[in-house]
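Undergrad: My questions will all concern the structure given below.
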Amino acid sequence: MLTTTTTKVLEPGELDAALAVLDRDPVANAFVAARVQVAGLDPWRLGGEMWGWYSDGRLESLCYAGANLVPVCAGPEAVRGFADRARRAGRRCSSIVGPAGPTAQLWSLLEPSWGPAREVRSHQPLMVTSALPAEVAPDPLVRRIRKDEMDIVMPACVAMFTEEVGVSPLAGDGGLLYQARIAELVTAGRSFARVEDGKVVFKAEIGAATAKACQIQGVWVAPEYRGRGLSEIGMAAVLQYALKDIAPIASLYVNDYNHTARAAYRRVGFEEAGAFMSVLF
């Protein structure tokens with residue numbers, strides 16, 4: 001018996017079907033799920049198209065195609081369908097990111113026409129926790145950043161992004177989109193920092209949030225304050241906010257070569273639960 005498959009852009013009326021796919025793995029899919037829950041499937045509001053892979057008329061897999069290309073619950077056949085569509089459309093994204101297996105396959109199919117990448121991070125442990133650490137007390141000086149403190153937190157955000165990604169977020173459009181994203185997180189109460197003498201010495205954001213899981217990102221300690229344990233007590237404080245106010249599970253993913261950060265996250269209670277991969281252009 002033949003199976004009929006197809007790949008197409010989802011229509012707004014398919015929102016429930018898309019959410020059902022995303023709900024299969026609420027932790028790994030938190031980034032895409034959070035965007036869809038807020039914006040629906042309208043490309044303008046979503047910031048990109050949502051592609052669907054269908055088997056016998058049933059939606060089985062997704063791929064978010066915006067500033068990032070993100071495969072969701074995608075098996076090998078679905079990945080091939082998404083790669084074909086991406087190849088025809090041409091590269092419009094600044095990165096491919098997602099669970100390591102599908103992302104690796106997607107990149108292997110796209111590299112001949114999209115390559116070379118600026119950097120490939122093939123194994124980024126996905127770390128998860130649902131409890132506050134028993135042995136690390138939260139830093140009482142870590143707090144939510146207020147709307148009138150954008151000028152305080154923004155230099156730290158730019159420094160973190162540049163250090164992590166290798167390019168400044170101010171390039172291209174002068175940082176308008178990046179500043180808008182940080183402002184969005186501050187307004188939502190999902191930007192946290194320890195501020196001393198008007199300067200951020202530790203910061204982190206909860207970048208994606210659903211009712212089931214949230215994803216912590218942008219963890220950064222000012223260089224002159226590193227080695228003092230601020231990342232552990234700072235993360236404990238952010239976890240306190242995350243698990244109490246936002247979702248029952250918190251996650252993050254980290255570069256496998258960043259042994260210091262991985263050890264700090266383990267001390268705060270995070271455990272590895274899979275791996276992501278990022279292809280940076």
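Letters A, B, ... mark the chains of the structure tokens in the order given; residue numbers begin at 1 per chain; ligand numbers begin at 1, in order shown.
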What's the 9 Å shell around A:Thr4, counting only C-alpha atoms, without same-chain residues fewer than 2 positions away, as a PyMOL selection string?
TA: chain A and resi 2+6+54-57
Undergrad: Could you pull out all residues of stretch 32-272 of chain A with a DSSP call of alpha helix (DSSP H) and give them as a ChimeraX atom specification?
TA: /A:32-39,43-46,76-89,100-114,150-165,176-187,230-241,259-267
Undergrad: For the selection just defined, write its residues with C-alpha atoms to a file, as a short mmCIF file (atom, residue, chain, number, x, y, z; two decimals), in the first residue's frame.
TA:
data_model
loop_
_atom_site.label_atom_id
_atom_site.label_comp_id
_atom_site.auth_asym_id
_atom_site.auth_seq_id
_atom_site.Cartn_x
_atom_site.Cartn_y
_atom_site.Cartn_z
CA VAL A 32 8.59 27.25 18.11
CA ALA A 33 5.59 26.45 20.31
CA ALA A 34 5.89 29.77 22.14
CA ARG A 35 5.92 31.71 18.87
CA VAL A 36 2.94 29.81 17.46
CA GLN A 37 0.88 30.21 20.62
CA VAL A 38 1.36 33.98 20.50
CA ALA A 39 1.26 34.61 16.74
CA PRO A 43 3.55 34.43 8.40
CA TRP A 44 3.66 38.17 9.05
CA ARG A 45 2.92 37.80 12.76
CA LEU A 46 4.93 34.60 13.10
CA PRO A 76 14.09 11.29 7.75
CA GLU A 77 11.39 11.51 5.08
CA ALA A 78 10.00 14.75 6.48
CA VAL A 79 13.50 16.23 6.62
CA ARG A 80 13.99 15.38 2.95
CA GLY A 81 10.74 17.16 2.12
CA PHE A 82 11.76 20.24 4.11
CA ALA A 83 15.24 20.24 2.51
CA ASP A 84 13.72 20.16 -0.97
CA ARG A 85 11.51 23.13 -0.16
CA ALA A 86 14.35 25.06 1.49
CA ARG A 87 16.66 24.42 -1.45
CA ARG A 88 14.09 25.74 -3.92
CA ALA A 89 13.42 28.83 -1.80
CA ALA A 100 20.68 17.21 16.62
CA GLY A 101 19.55 14.24 14.51
CA PRO A 102 17.09 15.97 12.16
CA THR A 103 19.20 19.13 12.02
CA ALA A 104 22.28 17.16 11.00
CA GLN A 105 20.35 15.43 8.23
CA LEU A 106 18.82 18.71 7.07
CA TRP A 107 22.25 20.36 6.89
CA SER A 108 23.76 17.41 5.02
CA LEU A 109 21.09 17.84 2.35
CA LEU A 110 21.39 21.63 2.18
CA GLU A 111 25.15 22.07 2.50
CA PRO A 112 25.91 21.44 -1.20
CA SER A 113 23.74 24.42 -2.19
CA TRP A 114 23.79 26.54 0.99
CA MET A 150 17.05 49.01 28.77
CA ASP A 151 20.15 51.18 28.57
CA ILE A 152 21.65 49.19 31.46
CA VAL A 153 20.94 45.68 30.19
CA MET A 154 21.48 46.25 26.47
CA PRO A 155 25.32 46.47 26.54
CA ALA A 156 25.44 43.16 28.43
CA CYS A 157 23.09 41.55 25.90
CA VAL A 158 25.22 42.75 23.00
CA ALA A 159 28.41 41.50 24.70
CA MET A 160 26.85 38.08 25.36
CA PHE A 161 25.54 37.71 21.79
CA THR A 162 28.85 38.75 20.23
CA GLU A 163 30.81 36.39 22.47
CA GLU A 164 28.45 33.48 21.88
CA VAL A 165 27.66 33.82 18.17
CA LEU A 176 16.89 47.35 15.65
CA LEU A 177 15.48 43.82 15.57
CA TYR A 178 17.72 42.68 18.41
CA GLN A 179 16.84 45.65 20.59
CA ALA A 180 13.15 45.04 19.89
CA ARG A 181 13.50 41.42 20.99
CA ILE A 182 15.26 42.37 24.24
CA ALA A 183 12.62 45.04 24.89
CA GLU A 184 9.94 42.39 24.35
CA LEU A 185 11.51 40.13 26.97
CA VAL A 186 11.95 43.00 29.43
CA THR A 187 8.31 44.02 28.97
CA LEU A 230 27.85 34.19 40.18
CA SER A 231 26.59 31.96 37.38
CA GLU A 232 25.45 29.25 39.81
CA ILE A 233 23.64 31.49 42.29
CA GLY A 234 22.34 33.65 39.44
CA MET A 235 20.91 30.65 37.62
CA ALA A 236 19.35 29.43 40.86
CA ALA A 237 17.59 32.79 41.13
CA VAL A 238 16.39 32.69 37.51
CA LEU A 239 15.14 29.14 38.06
CA GLN A 240 13.18 30.33 41.08
CA TYR A 241 11.36 32.85 38.89
CA HIS A 259 32.72 22.58 30.19
CA THR A 260 32.63 25.36 32.78
CA ALA A 261 29.02 26.29 31.96
CA ARG A 262 27.91 22.66 31.78
CA ALA A 263 29.37 21.98 35.22
CA ALA A 264 27.70 25.10 36.63
CA TYR A 265 24.31 24.07 35.23
CA ARG A 266 24.71 20.56 36.66
CA ARG A 267 25.41 22.05 40.10
#
Undergrad: Between A:Asn29, A:Asn68, A:Ser61, A:Thr210, single out the one closest to A:Gly47, counting only C-alpha atoms.
TA: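 Result for the nearest residue to A:Gly47: A:Asn68.
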Undergrad: Assign secondary structure with DSSP using the backbone only, and return the residues of stretch 17-197 of chain A in strand (DSSP E or B) as a PyMOL selection string.
TA: chain A and resi 49-55+58-65+68-72+95-99+119-129+142-144+191-196
Undergrad: Point out the residue among A:Gly172, A:Pro99, A:Asp256, A:Ser94 with the least atom-to-atom distance to A:Phe31, counting only C-alpha atoms.
TA: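 Nearest candidate to A:Phe31 out of A:Gly172, A:Pro99, A:Asp256, A:Ser94: A:Pro99.
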Undergrad: Kindly indicate which residue among A:Ala134, A:Ala171, A:Ala211, A:Val201 lies nearest to A:Pro223, using only C-alpha atoms for the distances.
TA: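 Selected residue with least distance to A:Pro223: A:Val201.
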Undergrad: Between A:Pro12, A:Gly98, A:Gly40, A:Pro26, which one has atoms that come closest to A:Val279, using only C-alpha atoms?
TA: A:Gly98
Undergrad: Near A:Ser122, within 7 Å and counting only C-alpha atoms, which residues show up once chain neighbours fewer than 2 positions away are dropped, as a list of chain:residue names?
TA: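 Once the adjacent positions are removed, what remains is A:Ala100, A:Val120, A:Gln124, A:Met277, A:Ser278.
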Undergrad: What would the file look like if the residues just selected were written as an mmCIF file, in the first residue's frame with N, CA and C atoms?
TA:
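Output below, filename result.cif:
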data_model
loop_
_atom_site.group_PDB
_atom_site.id
_atom_site.type_symbol
_atom_site.label_atom_id
_atom_site.label_comp_id
_atom_site.auth_asym_id
_atom_site.auth_seq_id
_atom_site.Cartn_x
_atom_site.Cartn_y
_atom_site.Cartn_z
ATOM 1 N N ALA A 100 19.460 17.481 17.371
ATOM 2 C CA ALA A 100 20.676 17.208 16.618
ATOM 3 C C ALA A 100 20.471 16.277 15.427
ATOM 4 N N VAL A 120 29.595 25.318 12.516
ATOM 5 C CA VAL A 120 28.655 24.229 12.799
ATOM 6 C C VAL A 120 28.919 23.725 14.217
ATOM 7 N N GLN A 124 25.094 20.152 21.022
ATOM 8 C CA GLN A 124 24.845 21.110 22.099
ATOM 9 C C GLN A 124 23.883 20.457 23.089
ATOM 10 N N MET A 277 21.603 21.017 17.719
ATOM 11 C CA MET A 277 22.679 21.327 16.779
ATOM 12 C C MET A 277 22.364 22.675 16.163
ATOM 13 N N SER A 278 23.417 23.474 15.945
ATOM 14 C CA SER A 278 23.244 24.780 15.316
ATOM 15 C C SER A 278 24.201 24.932 14.150
#
Undergrad: To one decimal place, how far is atom CA of A:Arg58 from atom CA of A:Asp25 in Å?
TA: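 That distance, rounded to one decimal, is 18.1 Å.
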Undergrad: Can you measure atom CA of A:Phe281 to atom CA of A:Arg91 for me? One decimal in Å is fine.
TA: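 Between atom CA of A:Phe281 and atom CA of A:Arg91 the gap works out to 9.7 Å.
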Undergrad: Determine, counting only C-alpha atoms, which protein, DNA and RNA residues have an atom within 8 Å of an atom of A:Cys73; residues of the same chain fewer than 5 positions away are not included. Present the result as a ChimeraX atom specification.
TA: /A:21-22,24-25,60-62
Undergrad: Counting only C-alpha atoms, what is within 12 Å of A:Cys214, bar same-chain residues fewer than 6 positions away, as a ChimeraX atom specification?
TA: /A:26-34,127-130,190,205-208,238-239,241-253
Undergrad: Got time to write the residues from that selection, N, CA, C and O atoms, as a compact mmCIF listing (two decimals), in the first residue's frame?
TA:
# COMPACT_ATOMS: atom_id res chain seq x y z
N PRO A 26 7.17 19.08 24.37
CA PRO A 26 7.06 20.49 24.75
C PRO A 26 8.37 21.13 25.18
O PRO A 26 8.52 22.34 25.10
N VAL A 27 9.34 20.33 25.62
CA VAL A 27 10.63 20.89 26.03
C VAL A 27 11.47 21.25 24.80
O VAL A 27 11.90 22.39 24.63
N ALA A 28 11.71 20.28 23.93
CA ALA A 28 12.53 20.53 22.74
C ALA A 28 11.88 21.53 21.80
O ALA A 28 12.56 22.28 21.10
N ASN A 29 10.54 21.58 21.80
CA ASN A 29 9.82 22.43 20.86
C ASN A 29 9.40 23.77 21.46
O ASN A 29 8.60 24.49 20.86
N ALA A 30 9.92 24.11 22.62
CA ALA A 30 9.45 25.31 23.34
C ALA A 30 9.58 26.58 22.51
O ALA A 30 8.67 27.42 22.50
N PHE A 31 10.70 26.74 21.79
CA PHE A 31 10.92 27.96 21.03
C PHE A 31 9.84 28.15 19.97
O PHE A 31 9.20 29.22 19.89
N VAL A 32 9.59 27.13 19.18
CA VAL A 32 8.59 27.25 18.11
C VAL A 32 7.18 27.30 18.70
O VAL A 32 6.34 28.09 18.26
N ALA A 33 6.92 26.48 19.71
CA ALA A 33 5.59 26.45 20.31
C ALA A 33 5.22 27.81 20.89
O ALA A 33 4.08 28.28 20.75
N ALA A 34 6.17 28.47 21.54
CA ALA A 34 5.89 29.77 22.14
C ALA A 34 5.52 30.80 21.07
O ALA A 34 4.60 31.60 21.25
N MET A 127 19.69 20.62 28.35
CA MET A 127 19.66 20.35 29.78
C MET A 127 18.32 20.80 30.37
O MET A 127 17.78 21.84 29.98
N VAL A 128 17.81 20.02 31.30
CA VAL A 128 16.45 20.20 31.80
C VAL A 128 16.41 20.05 33.31
O VAL A 128 17.15 19.24 33.89
N THR A 129 15.53 20.82 33.96
CA THR A 129 15.25 20.61 35.38
C THR A 129 13.82 21.02 35.68
O THR A 129 13.24 21.86 34.99
N SER A 130 13.28 20.41 36.72
CA SER A 130 11.94 20.77 37.17
C SER A 130 11.92 21.10 38.66
O SER A 130 10.87 21.18 39.27
N ARG A 190 10.71 38.79 31.58
CA ARG A 190 11.51 37.58 31.42
C ARG A 190 13.00 37.90 31.22
O ARG A 190 13.75 37.09 30.69
N GLU A 205 17.94 35.48 30.29
CA GLU A 205 16.55 35.70 29.91
C GLU A 205 15.83 34.37 29.79
O GLU A 205 16.45 33.33 29.56
N ILE A 206 14.53 34.40 29.95
CA ILE A 206 13.69 33.26 29.60
C ILE A 206 13.15 33.60 28.21
O ILE A 206 12.23 34.39 28.05
N GLY A 207 13.79 33.02 27.21
CA GLY A 207 13.51 33.43 25.83
C GLY A 207 12.23 32.87 25.26
O GLY A 207 11.57 33.51 24.45
N ALA A 208 11.88 31.66 25.64
CA ALA A 208 10.65 31.03 25.15
C ALA A 208 9.88 30.50 26.35
O ALA A 208 10.47 29.95 27.27
N VAL A 238 17.22 32.69 38.72
CA VAL A 238 16.39 32.69 37.51
C VAL A 238 15.46 31.48 37.52
O VAL A 238 14.28 31.58 37.15
N LEU A 239 15.98 30.33 37.96
CA LEU A 239 15.14 29.14 38.06
C LEU A 239 13.98 29.35 39.03
O LEU A 239 12.87 28.87 38.79
N TYR A 241 12.38 32.11 39.63
CA TYR A 241 11.36 32.85 38.89
C TYR A 241 10.68 31.95 37.86
O TYR A 241 9.45 31.95 37.72
N ALA A 242 11.48 31.19 37.11
CA ALA A 242 10.95 30.39 36.01
C ALA A 242 9.96 29.34 36.49
O ALA A 242 8.84 29.22 35.95
N LEU A 243 10.36 28.56 37.49
CA LEU A 243 9.52 27.45 37.94
C LEU A 243 8.33 27.93 38.76
O LEU A 243 7.29 27.27 38.78
N LYS A 244 8.47 29.06 39.43
CA LYS A 244 7.37 29.58 40.25
C LYS A 244 6.34 30.33 39.40
O LYS A 244 5.12 30.17 39.60
N ASP A 245 6.82 31.12 38.43
CA ASP A 245 5.93 32.04 37.73
C ASP A 245 5.58 31.64 36.30
O ASP A 245 4.62 32.16 35.75
N ILE A 246 6.38 30.75 35.68
CA ILE A 246 6.22 30.58 34.24
C ILE A 246 5.85 29.16 33.83
O ILE A 246 4.84 28.94 33.17
N ALA A 247 6.64 28.16 34.17
CA ALA A 247 6.38 26.80 33.68
C ALA A 247 6.98 25.78 34.65
O ALA A 247 7.91 26.10 35.40
N PRO A 248 6.49 24.54 34.62
CA PRO A 248 6.99 23.53 35.55
C PRO A 248 8.33 22.92 35.15
O PRO A 248 8.94 22.20 35.95
N ILE A 249 8.78 23.17 33.93
CA ILE A 249 10.05 22.63 33.45
C ILE A 249 10.85 23.76 32.82
O ILE A 249 10.31 24.56 32.04
N ALA A 250 12.13 23.84 33.15
CA ALA A 250 13.03 24.82 32.54
C ALA A 250 14.12 24.07 31.79
O ALA A 250 14.61 23.03 32.24
N SER A 251 14.50 24.61 30.63
CA SER A 251 15.54 23.98 29.83
C SER A 251 16.50 25.03 29.30
O SER A 251 16.23 26.23 29.34
N LEU A 252 17.60 24.55 28.77
CA LEU A 252 18.57 25.38 28.05
C LEU A 252 19.43 24.44 27.23
O LEU A 252 19.45 23.23 27.46
N TYR A 253 20.10 24.98 26.23
CA TYR A 253 21.11 24.17 25.56
C TYR A 253 22.41 24.95 25.52
O TYR A 253 22.42 26.16 25.49
Undergrad: Would you mind listing what lies within 7 Å of A:Lys8 as a PDB file with N, CA, C and O atoms, in the first residue's frame, with only C-alpha atoms counted and same-chain residues fewer than 2 positions away left out?
TA:
ATOM      1  N   THR A   6       3.326  14.857   1.317  1.00  0.00           N
ATOM      2  CA  THR A   6       3.454  16.172   0.696  1.00  0.00           C
ATOM      3  C   THR A   6       3.974  17.167   1.721  1.00  0.00           C
ATOM      4  O   THR A   6       3.885  16.943   2.929  1.00  0.00           O
ATOM      5  N   LEU A  10       1.583  25.794   6.073  1.00  0.00           N
ATOM      6  CA  LEU A  10       0.347  25.617   6.828  1.00  0.00           C
ATOM      7  C   LEU A  10      -0.565  26.823   6.689  1.00  0.00           C
ATOM      8  O   LEU A  10      -0.109  27.965   6.596  1.00  0.00           O
ATOM      9  N   TRP A  51       6.128  25.334   7.688  1.00  0.00           N
ATOM     10  CA  TRP A  51       5.939  24.269   6.715  1.00  0.00           C
ATOM     11  C   TRP A  51       5.450  23.021   7.427  1.00  0.00           C
ATOM     12  O   TRP A  51       5.842  22.718   8.552  1.00  0.00           O
ATOM     13  N   GLY A  52       4.596  22.294   6.742  1.00  0.00           N
ATOM     14  CA  GLY A  52       4.095  21.045   7.287  1.00  0.00           C
ATOM     15  C   GLY A  52       4.407  19.889   6.361  1.00  0.00           C
ATOM     16  O   GLY A  52       4.384  20.045   5.133  1.00  0.00           O
ATOM     17  N   TRP A  53       4.724  18.748   6.937  1.00  0.00           N
ATOM     18  CA  TRP A  53       4.906  17.515   6.170  1.00  0.00           C
ATOM     19  C   TRP A  53       3.752  16.593   6.519  1.00  0.00           C
ATOM     20  O   TRP A  53       3.471  16.334   7.688  1.00  0.00           O
TER      21      TRP A  53
END
